[in-house]
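Enquirer: One structure follows; several queries about it will come next.
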Amino acid sequence: NPAFTKLTGWQIEETAGRKIFDLMNIDGTIEASFIQSIRDMISGGGVLQTEIRWSRKDGIYFICELTITPFTDNKTWNKRYVFVYDDLTKRKEKENLVAILNKIFLSLQQVTSLEKSFTIFRDELLQNNIHSIIYLTDKDENYLVPHYFSFDKKILEQFAAITGERFDTFQIPIGVSDKYKKILQERQTVFSHDVSGDLIQILPAISPEMIRILIRSGKVQHSISAPIINRENKVF
């Protein structure tokens, strides 16, 4: 139905005659034994409810609660199944990021230097396949300037080609978005599930389509932005 199309990226006509488990596992990350255990349970008449990582057609994954209910067609007496998906991605991403940040903040209690703090951020986030950028404000607190970032050379080159800017010298005006005011002035942690939309605000001269290409190349789906507060209770 249209909800399935929106969630997975597959058009209805593309799915006709295809096995649902093949559509669920185009990137091959779901083990065959797990899929077989699902088949065994529902073929025996049981109702299955589980959480599963599903790849969209474009390769971006989402996490869903999957419920499969068998029933018998009263005309042909064939066994059929109803699949119901509940997208849990946003909730799970938040839970995962909060757990990682809590671990990082506990580690930061033991350090005394800024550079050591950056190392802790980098190592912990990259272990969890999360890119990190640490910004510092300029002396007048009008701009955010990248001080540390984990993107590789290929992504940096693509950023420069698309925007005409070098990422390491790229300045973000703090007033361009309420998001940065919340972080710096109100000291809020901000979750974003529209990274393309964030960049469109920062780079108004670049077409939205080019920004989406940049986001896809970096495989960036969500972001979390949080203030770093030093021992003098100042955001830096």
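In the structure tokens, chains take the letters A, B, ... in the order shown, each chain's residues start at 1, and ligands count up from 1 in the order shown.
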Could you tell me, as a PDB file with N, CA and C atoms, in the first residue's frame, which residues of chain A DSSP assigns to strand (DSSP E or B) when given the backbone?
Expert:
ATOM      1  N   LEU A  48       4.035 -13.491  14.957  1.00  0.00           N
ATOM      2  CA  LEU A  48       5.401 -13.056  15.248  1.00  0.00           C
ATOM      3  C   LEU A  48       5.432 -11.556  15.466  1.00  0.00           C
ATOM      4  N   GLN A  49       6.154 -11.127  16.513  1.00  0.00           N
ATOM      5  CA  GLN A  49       6.414  -9.699  16.720  1.00  0.00           C
ATOM      6  C   GLN A  49       7.876  -9.556  17.103  1.00  0.00           C
ATOM      7  N   THR A  50       8.608  -8.775  16.312  1.00  0.00           N
ATOM      8  CA  THR A  50      10.039  -8.624  16.555  1.00  0.00           C
ATOM      9  C   THR A  50      10.511  -7.289  16.010  1.00  0.00           C
ATOM     10  N   GLU A  51      11.696  -6.860  16.453  1.00  0.00           N
ATOM     11  CA  GLU A  51      12.331  -5.671  15.880  1.00  0.00           C
ATOM     12  C   GLU A  51      13.336  -6.122  14.838  1.00  0.00           C
ATOM     13  N   ILE A  52      13.389  -5.393  13.728  1.00  0.00           N
ATOM     14  CA  ILE A  52      14.254  -5.804  12.623  1.00  0.00           C
ATOM     15  C   ILE A  52      14.825  -4.579  11.931  1.00  0.00           C
ATOM     16  N   ARG A  53      16.033  -4.723  11.444  1.00  0.00           N
ATOM     17  CA  ARG A  53      16.699  -3.657  10.685  1.00  0.00           C
ATOM     18  C   ARG A  53      16.430  -3.916   9.213  1.00  0.00           C
ATOM     19  N   TRP A  54      15.790  -2.974   8.556  1.00  0.00           N
ATOM     20  CA  TRP A  54      15.321  -3.154   7.181  1.00  0.00           C
ATOM     21  C   TRP A  54      16.017  -2.134   6.291  1.00  0.00           C
ATOM     22  N   SER A  55      16.522  -2.568   5.146  1.00  0.00           N
ATOM     23  CA  SER A  55      17.129  -1.650   4.177  1.00  0.00           C
ATOM     24  C   SER A  55      16.076  -1.152   3.201  1.00  0.00           C
ATOM     25  N   TYR A  61      18.872   2.446   5.910  1.00  0.00           N
ATOM     26  CA  TYR A  61      18.141   1.500   6.732  1.00  0.00           C
ATOM     27  C   TYR A  61      17.173   2.213   7.668  1.00  0.00           C
ATOM     28  N   PHE A  62      16.187   1.466   8.124  1.00  0.00           N
ATOM     29  CA  PHE A  62      15.335   1.920   9.210  1.00  0.00           C
ATOM     30  C   PHE A  62      15.086   0.733  10.125  1.00  0.00           C
ATOM     31  N   ILE A  63      14.710   1.012  11.351  1.00  0.00           N
ATOM     32  CA  ILE A  63      14.432  -0.027  12.330  1.00  0.00           C
ATOM     33  C   ILE A  63      12.927  -0.066  12.545  1.00  0.00           C
ATOM     34  N   CYS A  64      12.353  -1.238  12.448  1.00  0.00           N
ATOM     35  CA  CYS A  64      10.906  -1.319  12.603  1.00  0.00           C
ATOM     36  C   CYS A  64      10.512  -2.469  13.511  1.00  0.00           C
ATOM     37  N   GLU A  65       9.339  -2.312  14.112  1.00  0.00           N
ATOM     38  CA  GLU A  65       8.712  -3.421  14.815  1.00  0.00           C
ATOM     39  C   GLU A  65       7.844  -4.148  13.801  1.00  0.00           C
ATOM     40  N   LEU A  66       8.124  -5.396  13.589  1.00  0.00           N
ATOM     41  CA  LEU A  66       7.443  -6.195  12.567  1.00  0.00           C
ATOM     42  C   LEU A  66       6.478  -7.172  13.237  1.00  0.00           C
ATOM     43  N   THR A  67       5.230  -7.123  12.844  1.00  0.00           N
ATOM     44  CA  THR A  67       4.236  -8.079  13.323  1.00  0.00           C
ATOM     45  C   THR A  67       3.684  -8.833  12.116  1.00  0.00           C
ATOM     46  N   ILE A  68       3.761 -10.152  12.160  1.00  0.00           N
ATOM     47  CA  ILE A  68       3.252 -10.993  11.077  1.00  0.00           C
ATOM     48  C   ILE A  68       2.146 -11.888  11.639  1.00  0.00           C
ATOM     49  N   THR A  69       0.975 -11.769  11.056  1.00  0.00           N
ATOM     50  CA  THR A  69      -0.180 -12.543  11.516  1.00  0.00           C
ATOM     51  C   THR A  69      -0.684 -13.436  10.388  1.00  0.00           C
ATOM     52  N   PRO A  70      -0.706 -14.744  10.586  1.00  0.00           N
ATOM     53  CA  PRO A  70      -1.226 -15.644   9.539  1.00  0.00           C
ATOM     54  C   PRO A  70      -2.747 -15.718   9.582  1.00  0.00           C
ATOM     55  N   PHE A  71      -3.350 -15.946   8.431  1.00  0.00           N
ATOM     56  CA  PHE A  71      -4.787 -16.200   8.376  1.00  0.00           C
ATOM     57  C   PHE A  71      -5.068 -17.094   7.177  1.00  0.00           C
ATOM     58  N   THR A  72      -6.237 -17.679   7.150  1.00  0.00           N
ATOM     59  CA  THR A  72      -6.624 -18.589   6.057  1.00  0.00           C
ATOM     60  C   THR A  72      -7.680 -17.926   5.188  1.00  0.00           C
ATOM     61  N   LYS A  79      -3.185 -20.412   3.063  1.00  0.00           N
ATOM     62  CA  LYS A  79      -2.688 -19.621   4.191  1.00  0.00           C
ATOM     63  C   LYS A  79      -2.038 -18.343   3.664  1.00  0.00           C
ATOM     64  N   ARG A  80      -2.417 -17.218   4.249  1.00  0.00           N
ATOM     65  CA  ARG A  80      -1.861 -15.929   3.873  1.00  0.00           C
ATOM     66  C   ARG A  80      -1.377 -15.208   5.126  1.00  0.00           C
ATOM     67  N   TYR A  81      -0.666 -14.086   4.901  1.00  0.00           N
ATOM     68  CA  TYR A  81      -0.047 -13.403   6.033  1.00  0.00           C
ATOM     69  C   TYR A  81      -0.250 -11.894   5.916  1.00  0.00           C
ATOM     70  N   VAL A  82      -0.468 -11.273   7.051  1.00  0.00           N
ATOM     71  CA  VAL A  82      -0.537  -9.818   7.125  1.00  0.00           C
ATOM     72  C   VAL A  82       0.729  -9.326   7.818  1.00  0.00           C
ATOM     73  N   PHE A  83       1.490  -8.466   7.119  1.00  0.00           N
ATOM     74  CA  PHE A  83       2.697  -7.859   7.686  1.00  0.00           C
ATOM     75  C   PHE A  83       2.358  -6.431   8.114  1.00  0.00           C
ATOM     76  N   VAL A  84       2.657  -6.078   9.363  1.00  0.00           N
ATOM     77  CA  VAL A  84       2.441  -4.723   9.863  1.00  0.00           C
ATOM     78  C   VAL A  84       3.776  -4.192  10.371  1.00  0.00           C
ATOM     79  N   TYR A  85       4.140  -2.991   9.883  1.00  0.00           N
ATOM     80  CA  TYR A  85       5.418  -2.389  10.259  1.00  0.00           C
ATOM     81  C   TYR A  85       5.184  -1.110  11.049  1.00  0.00           C
ATOM     82  N   ASP A  86       5.935  -0.947  12.128  1.00  0.00           N
ATOM     83  CA  ASP A  86       5.903   0.291  12.904  1.00  0.00           C
ATOM     84  C   ASP A  86       7.321   0.839  12.928  1.00  0.00           C
ATOM     85  N   ASP A  87       7.544   1.971  12.272  1.00  0.00           N
ATOM     86  CA  ASP A  87       8.888   2.540  12.152  1.00  0.00           C
ATOM     87  C   ASP A  87       9.373   3.054  13.509  1.00  0.00           C
ATOM     88  N   ILE A 133      31.596  16.107  14.416  1.00  0.00           N
ATOM     89  CA  ILE A 133      32.158  17.430  14.119  1.00  0.00           C
ATOM     90  C   ILE A 133      32.138  18.225  15.418  1.00  0.00           C
ATOM     91  N   ILE A 134      33.249  18.825  15.779  1.00  0.00           N
ATOM     92  CA  ILE A 134      33.294  19.686  16.956  1.00  0.00           C
ATOM     93  C   ILE A 134      33.584  21.103  16.486  1.00  0.00           C
ATOM     94  N   TYR A 135      32.670  22.005  16.791  1.00  0.00           N
ATOM     95  CA  TYR A 135      32.810  23.412  16.407  1.00  0.00           C
ATOM     96  C   TYR A 135      33.249  24.244  17.607  1.00  0.00           C
ATOM     97  N   LEU A 136      34.014  25.269  17.324  1.00  0.00           N
ATOM     98  CA  LEU A 136      34.290  26.315  18.306  1.00  0.00           C
ATOM     99  C   LEU A 136      33.701  27.622  17.766  1.00  0.00           C
ATOM    100  N   THR A 137      33.313  28.522  18.659  1.00  0.00           N
ATOM    101  CA  THR A 137      32.834  29.827  18.204  1.00  0.00           C
ATOM    102  C   THR A 137      34.022  30.745  17.946  1.00  0.00           C
ATOM    103  N   TYR A 143      30.046  33.162  14.735  1.00  0.00           N
ATOM    104  CA  TYR A 143      30.148  32.021  13.822  1.00  0.00           C
ATOM    105  C   TYR A 143      30.583  30.764  14.567  1.00  0.00           C
ATOM    106  N   LEU A 144      30.202  29.620  13.991  1.00  0.00           N
ATOM    107  CA  LEU A 144      30.742  28.330  14.404  1.00  0.00           C
ATOM    108  C   LEU A 144      31.777  27.910  13.370  1.00  0.00           C
ATOM    109  N   VAL A 145      32.953  27.479  13.834  1.00  0.00           N
ATOM    110  CA  VAL A 145      34.057  27.110  12.950  1.00  0.00           C
ATOM    111  C   VAL A 145      34.477  25.675  13.273  1.00  0.00           C
ATOM    112  N   PRO A 146      34.532  24.768  12.274  1.00  0.00           N
ATOM    113  CA  PRO A 146      34.941  23.381  12.545  1.00  0.00           C
ATOM    114  C   PRO A 146      36.352  23.320  13.128  1.00  0.00           C
ATOM    115  N   HIS A 147      36.496  22.663  14.266  1.00  0.00           N
ATOM    116  CA  HIS A 147      37.814  22.484  14.867  1.00  0.00           C
ATOM    117  C   HIS A 147      38.288  21.040  14.698  1.00  0.00           C
ATOM    118  N   TYR A 148      37.333  20.118  14.726  1.00  0.00           N
ATOM    119  CA  TYR A 148      37.652  18.708  14.523  1.00  0.00           C
ATOM    120  C   TYR A 148      36.492  18.061  13.762  1.00  0.00           C
ATOM    121  N   PHE A 149      36.818  17.160  12.830  1.00  0.00           N
ATOM    122  CA  PHE A 149      35.771  16.419  12.125  1.00  0.00           C
ATOM    123  C   PHE A 149      36.354  15.093  11.655  1.00  0.00           C
ATOM    124  N   ILE A 172      29.788  28.896   9.954  1.00  0.00           N
ATOM    125  CA  ILE A 172      28.326  28.875  10.008  1.00  0.00           C
ATOM    126  C   ILE A 172      27.855  30.053  10.855  1.00  0.00           C
ATOM    127  N   PRO A 173      27.097  30.985  10.281  1.00  0.00           N
ATOM    128  CA  PRO A 173      26.553  32.086  11.084  1.00  0.00           C
ATOM    129  C   PRO A 173      25.598  31.540  12.150  1.00  0.00           C
ATOM    130  N   VAL A 190      19.986  19.095  20.623  1.00  0.00           N
ATOM    131  CA  VAL A 190      19.016  19.131  19.533  1.00  0.00           C
ATOM    132  C   VAL A 190      19.197  17.923  18.624  1.00  0.00           C
ATOM    133  N   PHE A 191      18.135  17.150  18.454  1.00  0.00           N
ATOM    134  CA  PHE A 191      18.130  16.039  17.506  1.00  0.00           C
ATOM    135  C   PHE A 191      17.563  16.534  16.173  1.00  0.00           C
ATOM    136  N   SER A 192      18.131  16.060  15.072  1.00  0.00           N
ATOM    137  CA  SER A 192      17.620  16.420  13.757  1.00  0.00           C
ATOM    138  C   SER A 192      17.491  15.167  12.906  1.00  0.00           C
ATOM    139  N   SER A 223      21.211  13.599  12.977  1.00  0.00           N
ATOM    140  CA  SER A 223      22.280  14.287  13.699  1.00  0.00           C
ATOM    141  C   SER A 223      21.814  14.641  15.105  1.00  0.00           C
ATOM    142  N   ILE A 224      22.778  14.745  15.989  1.00  0.00           N
ATOM    143  CA  ILE A 224      22.529  15.241  17.328  1.00  0.00           C
ATOM    144  C   ILE A 224      23.558  16.336  17.593  1.00  0.00           C
ATOM    145  N   SER A 225      23.093  17.468  18.089  1.00  0.00           N
ATOM    146  CA  SER A 225      23.989  18.596  18.369  1.00  0.00           C
ATOM    147  C   SER A 225      23.863  18.959  19.846  1.00  0.00           C
ATOM    148  N   ILE A 229      30.347  22.207  27.693  1.00  0.00           N
ATOM    149  CA  ILE A 229      30.428  23.219  28.761  1.00  0.00           C
ATOM    150  C   ILE A 229      31.692  22.967  29.576  1.00  0.00           C
ATOM    151  N   VAL A 235      29.940  27.756  27.545  1.00  0.00           N
ATOM    152  CA  VAL A 235      29.858  26.958  26.322  1.00  0.00           C
ATOM    153  C   VAL A 235      30.998  27.364  25.409  1.00  0.00           C
TER     154      VAL A 235
END
Enquirer: Enumerate, as JSON, numbers by chain, the complete set of residues in chain A that a backbone-based DSSP assignment places in alpha helix (DSSP H).
Expert: {"A": [2, 3, 4, 5, 6, 7, 8, 12, 13, 14, 15, 20, 21, 22, 23, 24, 32, 33, 34, 35, 36, 37, 38, 39, 40, 41, 42, 43, 89, 90, 91, 92, 93, 94, 95, 96, 97, 98, 99, 100, 101, 102, 103, 104, 105, 106, 107, 108, 114, 115, 116, 117, 118, 119, 120, 121, 122, 123, 124, 125, 126, 127, 153, 154, 155, 156, 157, 158, 159, 160, 161, 162, 163, 178, 179, 180, 181, 182, 183, 184, 195, 196, 197, 198, 199, 200, 201, 202, 208, 209, 210, 211, 212, 213, 214, 215, 216, 217]}
Enquirer: Contacts of A:Thr5 at 12 Å or less, counting only C-alpha atoms, minus same-chain residues fewer than 2 places along, as a ChimeraX atom specification?
Expert: /A:1-3,7-15,23,56-57,85
Enquirer: For all heavy atoms, I'd like the residues from the last selection saved as a CSV table (one decimal), in the first residue's frame.
Expert:
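In the end it all went to out_30.csv:
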chain,number,residue,atom,x,y,z
A,1,ASN,N,0.8,-1.2,0.0
A,1,ASN,CA,0.0,0.0,0.0
A,1,ASN,C,0.9,1.3,0.0
A,1,ASN,O,2.1,1.1,0.1
A,1,ASN,CB,-1.0,0.0,1.2
A,1,ASN,CG,-0.3,0.0,2.5
A,1,ASN,OD1,0.9,0.4,2.7
A,1,ASN,ND2,-0.9,-0.6,3.5
A,2,PRO,N,0.3,2.4,-0.1
A,2,PRO,CA,1.1,3.7,-0.2
A,2,PRO,C,2.0,3.9,1.0
A,2,PRO,O,3.1,4.4,0.9
A,2,PRO,CB,0.1,4.8,-0.3
A,2,PRO,CG,-1.1,4.1,-0.9
A,2,PRO,CD,-1.1,2.7,-0.4
A,3,ALA,N,1.6,3.4,2.2
A,3,ALA,CA,2.5,3.6,3.4
A,3,ALA,C,3.7,2.7,3.3
A,3,ALA,O,4.8,3.1,3.6
A,3,ALA,CB,1.7,3.2,4.7
A,7,LEU,N,7.6,4.1,3.2
A,7,LEU,CA,8.6,3.7,4.2
A,7,LEU,C,9.8,3.0,3.6
A,7,LEU,O,10.9,3.2,4.0
A,7,LEU,CB,7.8,2.7,5.2
A,7,LEU,CG,8.6,2.3,6.4
A,7,LEU,CD1,9.0,3.5,7.3
A,7,LEU,CD2,7.8,1.3,7.2
A,8,THR,N,9.6,2.2,2.5
A,8,THR,CA,10.6,1.4,2.0
A,8,THR,C,11.3,1.9,0.7
A,8,THR,O,12.4,1.5,0.3
A,8,THR,CB,10.1,0.0,1.7
A,8,THR,OG1,9.2,0.0,0.6
A,8,THR,CG2,9.5,-0.6,2.9
A,9,GLY,N,10.5,2.8,0.0
A,9,GLY,CA,11.1,3.3,-1.2
A,9,GLY,C,10.7,2.5,-2.4
A,9,GLY,O,11.0,2.8,-3.6
A,10,TRP,N,10.1,1.3,-2.2
A,10,TRP,CA,9.7,0.4,-3.3
A,10,TRP,C,8.4,0.8,-3.8
A,10,TRP,O,7.4,1.0,-3.1
A,10,TRP,CB,9.7,-1.1,-2.9
A,10,TRP,CG,11.0,-1.6,-2.5
A,10,TRP,CD1,11.5,-1.8,-1.3
A,10,TRP,CD2,11.9,-2.2,-3.4
A,10,TRP,NE1,12.7,-2.4,-1.3
A,10,TRP,CE2,13.0,-2.6,-2.7
A,10,TRP,CE3,12.0,-2.3,-4.8
A,10,TRP,CZ2,14.1,-3.2,-3.3
A,10,TRP,CZ3,13.1,-2.9,-5.4
A,10,TRP,CH2,14.2,-3.3,-4.6
A,11,GLN,N,8.2,1.0,-5.2
A,11,GLN,CA,6.9,1.2,-5.8
A,11,GLN,C,6.1,-0.1,-5.8
A,11,GLN,O,6.7,-1.2,-5.9
A,11,GLN,CB,7.1,1.8,-7.2
A,11,GLN,CG,7.8,3.1,-7.2
A,11,GLN,CD,7.2,4.2,-6.4
A,11,GLN,OE1,6.0,4.4,-6.5
A,11,GLN,NE2,7.9,4.9,-5.5
A,12,ILE,N,4.8,0.1,-5.8
A,12,ILE,CA,3.9,-1.1,-5.7
A,12,ILE,C,4.2,-2.1,-6.9
A,12,ILE,O,4.3,-3.3,-6.7
A,12,ILE,CB,2.5,-0.7,-5.7
A,12,ILE,CG1,2.2,0.1,-4.4
A,12,ILE,CG2,1.5,-1.9,-5.8
A,12,ILE,CD1,0.8,0.7,-4.3
A,13,GLU,N,4.4,-1.5,-8.1
A,13,GLU,CA,4.6,-2.4,-9.3
A,13,GLU,C,5.9,-3.1,-9.2
A,13,GLU,O,6.1,-4.2,-9.8
A,13,GLU,CB,4.4,-1.6,-10.6
A,13,GLU,CG,5.4,-0.4,-10.7
A,13,GLU,CD,4.9,0.9,-10.1
A,13,GLU,OE1,3.9,0.8,-9.3
A,13,GLU,OE2,5.5,1.9,-10.4
A,14,GLU,N,6.9,-2.6,-8.5
A,14,GLU,CA,8.2,-3.2,-8.4
A,14,GLU,C,8.2,-4.4,-7.4
A,14,GLU,O,9.0,-5.3,-7.5
A,14,GLU,CB,9.2,-2.2,-7.8
A,14,GLU,CG,9.5,-1.1,-8.8
A,14,GLU,CD,10.5,-0.1,-8.1
A,14,GLU,OE1,10.3,0.4,-7.1
A,14,GLU,OE2,11.6,0.1,-8.7
A,15,THR,N,7.2,-4.5,-6.6
A,15,THR,CA,7.1,-5.5,-5.6
A,15,THR,C,6.3,-6.7,-6.0
A,15,THR,O,6.4,-7.8,-5.4
A,15,THR,CB,6.5,-5.0,-4.2
A,15,THR,OG1,5.2,-4.6,-4.5
A,15,THR,CG2,7.3,-3.8,-3.7
A,23,LEU,N,13.0,-8.3,-0.3
A,23,LEU,CA,12.9,-6.8,-0.2
A,23,LEU,C,13.4,-6.3,1.1
A,23,LEU,O,13.9,-5.2,1.2
A,23,LEU,CB,11.4,-6.4,-0.4
A,23,LEU,CG,10.8,-6.7,-1.8
A,23,LEU,CD1,9.3,-6.3,-1.8
A,23,LEU,CD2,11.5,-6.1,-2.9
A,56,ARG,N,16.0,0.2,3.0
A,56,ARG,CA,15.2,0.7,2.0
A,56,ARG,C,15.8,0.4,0.6
A,56,ARG,O,16.9,-0.1,0.5
A,56,ARG,CB,15.1,2.3,2.1
A,56,ARG,CG,14.3,2.7,3.3
A,56,ARG,CD,14.4,4.2,3.5
A,56,ARG,NE,14.4,5.0,2.3
A,56,ARG,CZ,13.3,5.4,1.7
A,56,ARG,NH1,12.1,5.3,2.3
A,56,ARG,NH2,13.3,6.1,0.6
A,57,LYS,N,15.0,0.7,-0.4
A,57,LYS,CA,15.5,0.5,-1.8
A,57,LYS,C,16.8,1.2,-2.0
A,57,LYS,O,17.7,0.8,-2.7
A,57,LYS,CB,14.4,0.9,-2.8
A,57,LYS,CG,14.8,0.7,-4.2
A,57,LYS,CD,13.8,1.2,-5.2
A,57,LYS,CE,14.2,1.0,-6.6
A,57,LYS,NZ,13.2,1.5,-7.6
A,85,TYR,N,4.1,-3.0,9.9
A,85,TYR,CA,5.4,-2.4,10.3
A,85,TYR,C,5.2,-1.1,11.0
A,85,TYR,O,4.4,-0.3,10.7
A,85,TYR,CB,6.2,-2.0,9.0
A,85,TYR,CG,6.3,-3.1,8.0
A,85,TYR,CD1,5.4,-3.1,6.9
A,85,TYR,CD2,7.2,-4.1,8.1
A,85,TYR,CE1,5.4,-4.1,6.0
A,85,TYR,CE2,7.3,-5.1,7.2
A,85,TYR,CZ,6.4,-5.1,6.1
A,85,TYR,OH,6.4,-6.1,5.2
Enquirer: In Å, with one decimal, what is the gap from atom CA of A:Leu184 to atom CA of A:Ile155?
Expert: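 Atom-to-atom, atom CA of A:Leu184 and atom CA of A:Ile155 are spaced 27.1 Å apart.
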